[in-house]
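Single-structure report; data block below.
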Amino acid sequence: MSQFCADCFKGGVVSGEPEGNMEVIASIDCYVSPPGPKTTKAIVLGYDVFGFHVVSPKIIADIISRETGMQVFVPDALMGDYVKSMAPAGKPFKKHGLISNVVGTISTYAHMISAGALGVMKRMDREAMTDRYLSSIKEIKEKRGVTTVGMVGYCLGAHFCGAFASQPELINAAVLCHPSRTVTVEVIKQAKIPLSFACAEEDFAFPEKQRQEIEEVLKELDVQTEMKVYIGCNHGFAARPDLKDPEQKEAFEKALTQTIEWFKRYL
């Protein structure tokens, strides 16, 4: 579980009423945002460990679709095997003392155990998930008239953005929101598409040293790149914000705008 941290299992829900529908694409259930203007461009969203247990990825997909004019597809890559209980969002670690950090982390891991998160992590098969994303993207291109695809990933989903960034024939631009340790320097060195990172200042799953190393790699790539660090934010802020907290709400909205503008520019 080294690629996960306590913040992977807590946060808030982006509530709302989804405007799209569930469809079957490449034998996989997939949320599809409402069709907008006819276009050959589309976006695939990679969700986090809560999958469709929460409505957040559908609402975020609808917003991205509405603002870009591109249809957004969210494959159910976990096939319904989600973490089904979320610990409450907390403040970034720097804003707490050592004792409250330790107590908060222990409390979150206890919540993970009670929510069955450890079982989900044990059963998780990244190779199978990779195949599901691949088959979904290929069918979207073959049967939906799509020629250009962007991908945005949150936490777990960002892993696949990194994995596919070396395949410009598959996806054409990507946004990685608070990724994990599996998005390594070696992975990013292979990137051949425009890449945007939305990072948390405090992120146990994507520590500062790794973030800085990847930032240096981005400067050397022959593609457009950017990395934005959201001060005062924890891992998960772009997918699971507490929208009642003004700071988290602002960071969530800015990261969402960052994603939308990247796809407008590079798709």
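Following the order of the structure tokens, first chain is A, next is B, and so on, with residues numbered from 1 inside each chain and ligands from 1 in the order they appear.
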Within 10 Å of region 12-32 of chain A, which residues of region 124-219 of chain A show up? Give each one with its shortest atom-to-atom distance in Å (one decimal) and the two atoms involved, counting only C-alpha atoms, rows by chain then rising residue number, as a Markdown table.
```
| residue | atom | partner | partner_atom | distance |
| --- | --- | --- | --- | --- |
| A:Arg132 | CA | A:Ile28 | CA | 7.3 |
| A:Tyr133 | CA | A:Ile28 | CA | 9.3 |
| A:Leu134 | CA | A:Ala26 | CA | 9.4 |
| A:Ser135 | CA | A:Ala26 | CA | 5.9 |
| A:Ser136 | CA | A:Ala26 | CA | 5.4 |
| A:Ile137 | CA | A:Ala26 | CA | 8.8 |
| A:Lys138 | CA | A:Ala26 | CA | 8.5 |
| A:Glu139 | CA | A:Ala26 | CA | 6.2 |
| A:Ile140 | CA | A:Ile25 | CA | 7.6 |
| A:Lys143 | CA | A:Ile25 | CA | 9.6 |
```
Practice prompt. From the DSSP assignment of the backbone, select every residue of region 40-247 of chain A that is alpha helix (DSSP H), and format the answer as a ChimeraX atom specification.
Written response: /A:56-68,98-115,117-123,126-143,156-164,185-189,208-220,246-247
Give me the region 203-257 of chain A side of the contact with region 38-51 of chain A, cut-off 10 Å, one line per residue showing its nearest atom pair and distance in Å at one decimal, counting only C-alpha atoms, sorted by chain and residue number, as CSV.
```
residue,atom,partner,partner_atom,distance
A:Gly236,CA,A:Asp48,CA,8.9
A:Ala239,CA,A:Asp48,CA,7.9
A:Arg240,CA,A:Asp48,CA,9.4
```
Restricting it to all heavy atoms, dump the selection as a PDB file, in the first residue's frame.
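Done, and the output landed in again_30.pdb:
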```
ATOM      1  N   GLY A 236      -5.801  14.861  -2.603  1.00  0.00           N
ATOM      2  CA  GLY A 236      -7.236  14.633  -2.733  1.00  0.00           C
ATOM      3  C   GLY A 236      -8.055  15.892  -2.951  1.00  0.00           C
ATOM      4  O   GLY A 236      -9.250  15.815  -3.233  1.00  0.00           O
ATOM      5  N   ALA A 239     -10.400  16.283  -6.069  1.00  0.00           N
ATOM      6  CA  ALA A 239     -11.468  15.303  -6.276  1.00  0.00           C
ATOM      7  C   ALA A 239     -12.426  15.208  -5.104  1.00  0.00           C
ATOM      8  O   ALA A 239     -13.605  14.923  -5.283  1.00  0.00           O
ATOM      9  CB  ALA A 239     -10.864  13.916  -6.535  1.00  0.00           C
ATOM     10  N   ARG A 240     -11.907  15.462  -3.897  1.00  0.00           N
ATOM     11  CA  ARG A 240     -12.701  15.246  -2.687  1.00  0.00           C
ATOM     12  C   ARG A 240     -12.621  16.442  -1.742  1.00  0.00           C
ATOM     13  O   ARG A 240     -12.301  16.280  -0.557  1.00  0.00           O
ATOM     14  CB  ARG A 240     -12.232  13.972  -1.970  1.00  0.00           C
ATOM     15  CG  ARG A 240     -12.265  12.722  -2.825  1.00  0.00           C
ATOM     16  CD  ARG A 240     -11.834  11.487  -2.053  1.00  0.00           C
ATOM     17  NE  ARG A 240     -10.489  11.587  -1.521  1.00  0.00           N
ATOM     18  CZ  ARG A 240      -9.382  11.350  -2.211  1.00  0.00           C
ATOM     19  NH1 ARG A 240      -9.460  11.006  -3.491  1.00  0.00           N
ATOM     20  NH2 ARG A 240      -8.179  11.448  -1.646  1.00  0.00           N
TER      21      ARG A 240
END
```
Per residue of region 116-185 of chain A within 9 Å of region 189-194 of chain A, note the shortest atom pair and the distance in Å to one decimal, counting only C-alpha atoms, and order the rows by chain and increasing residue number, as CSV.
```
residue,atom,partner,partner_atom,distance
A:Gly162,CA,A:Ala191,CA,7.6
A:Ala163,CA,A:Ala191,CA,8.7
A:Phe164,CA,A:Ala191,CA,8.1
A:Ala165,CA,A:Ala191,CA,4.8
A:Ser166,CA,A:Ala191,CA,4.4
A:Gln167,CA,A:Lys192,CA,6.9
A:Pro168,CA,A:Ile193,CA,6.1
A:Ile171,CA,A:Ile193,CA,7.8
A:Asn172,CA,A:Ile193,CA,5.7
A:Ala173,CA,A:Pro194,CA,4.9
A:Ala174,CA,A:Pro194,CA,6.5
A:Val175,CA,A:Pro194,CA,8.6
A:Thr184,CA,A:Lys189,CA,8.6
A:Val185,CA,A:Lys189,CA,6.1
```
Dump of C-alpha atoms for the selected residues, as a compact mmCIF listing (two decimals), in the first residue's frame:
```txt
# COMPACT_ATOMS: atom_id res chain seq x y z
CA GLY A 162 1.29 8.77 -16.63
CA ALA A 163 1.30 5.26 -18.05
CA PHE A 164 -0.36 6.40 -21.29
CA ALA A 165 1.63 9.64 -21.70
CA SER A 166 4.22 7.81 -23.80
CA GLN A 167 1.55 6.79 -26.33
CA PRO A 168 0.50 9.83 -28.43
CA ILE A 171 -4.10 10.05 -25.85
CA ASN A 172 -3.08 13.55 -26.90
CA ALA A 173 -2.90 15.49 -23.62
CA ALA A 174 -3.23 14.71 -19.91
CA VAL A 175 -3.80 16.33 -16.54
CA THR A 184 7.79 8.21 -11.26
CA VAL A 185 10.59 10.18 -12.87
```
Discussion item. Could you tell me how far CA of Tyr230 (chain A) sits from CA of Asp245 (chain A), in Å to one decimal place?
Written reply: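 That distance, rounded to one decimal, is 14.8 Å.
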Worksheet item: From the set A:Lys264, A:Glu253, A:Glu213, A:Gln258, which residue has the shortest atom-to-atom contact distance to Pro241 (chain A), counting only C-alpha atoms?
Response: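 Counting only C-alpha atoms, the residue closest to Pro241 (chain A) is A:Glu253.
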Discussion item. Among region 130-186 of chain A, which residues does DSSP mark as strand (DSSP E) when it is run on the backbone? Keep the chain and numbering as in the structure and answer as a list in words.
Written reply: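 Answer for region 130-186 of chain A restricted to strand (DSSP E) is Thr148, Val149, Gly150, Met151, Val152, Gly153, Tyr154, Ala173, Ala174, Val175, Leu176 and Cys177 of chain A.
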Worksheet, complete the sentence: Counting only C-alpha atoms, closest pick from A:Gly145, A:Gly232, A:Pro246, A:Pro34 relative to Glu202 (chain A) is A:Gly232
Fill in: Selected residue, from A:Lys244, A:Thr259, A:Leu218, A:Pro207, that lies nearest to Leu176 (chain A) when counting only C-alpha atoms
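Smallest distance to Leu176 (chain A) is found for A:Thr259.
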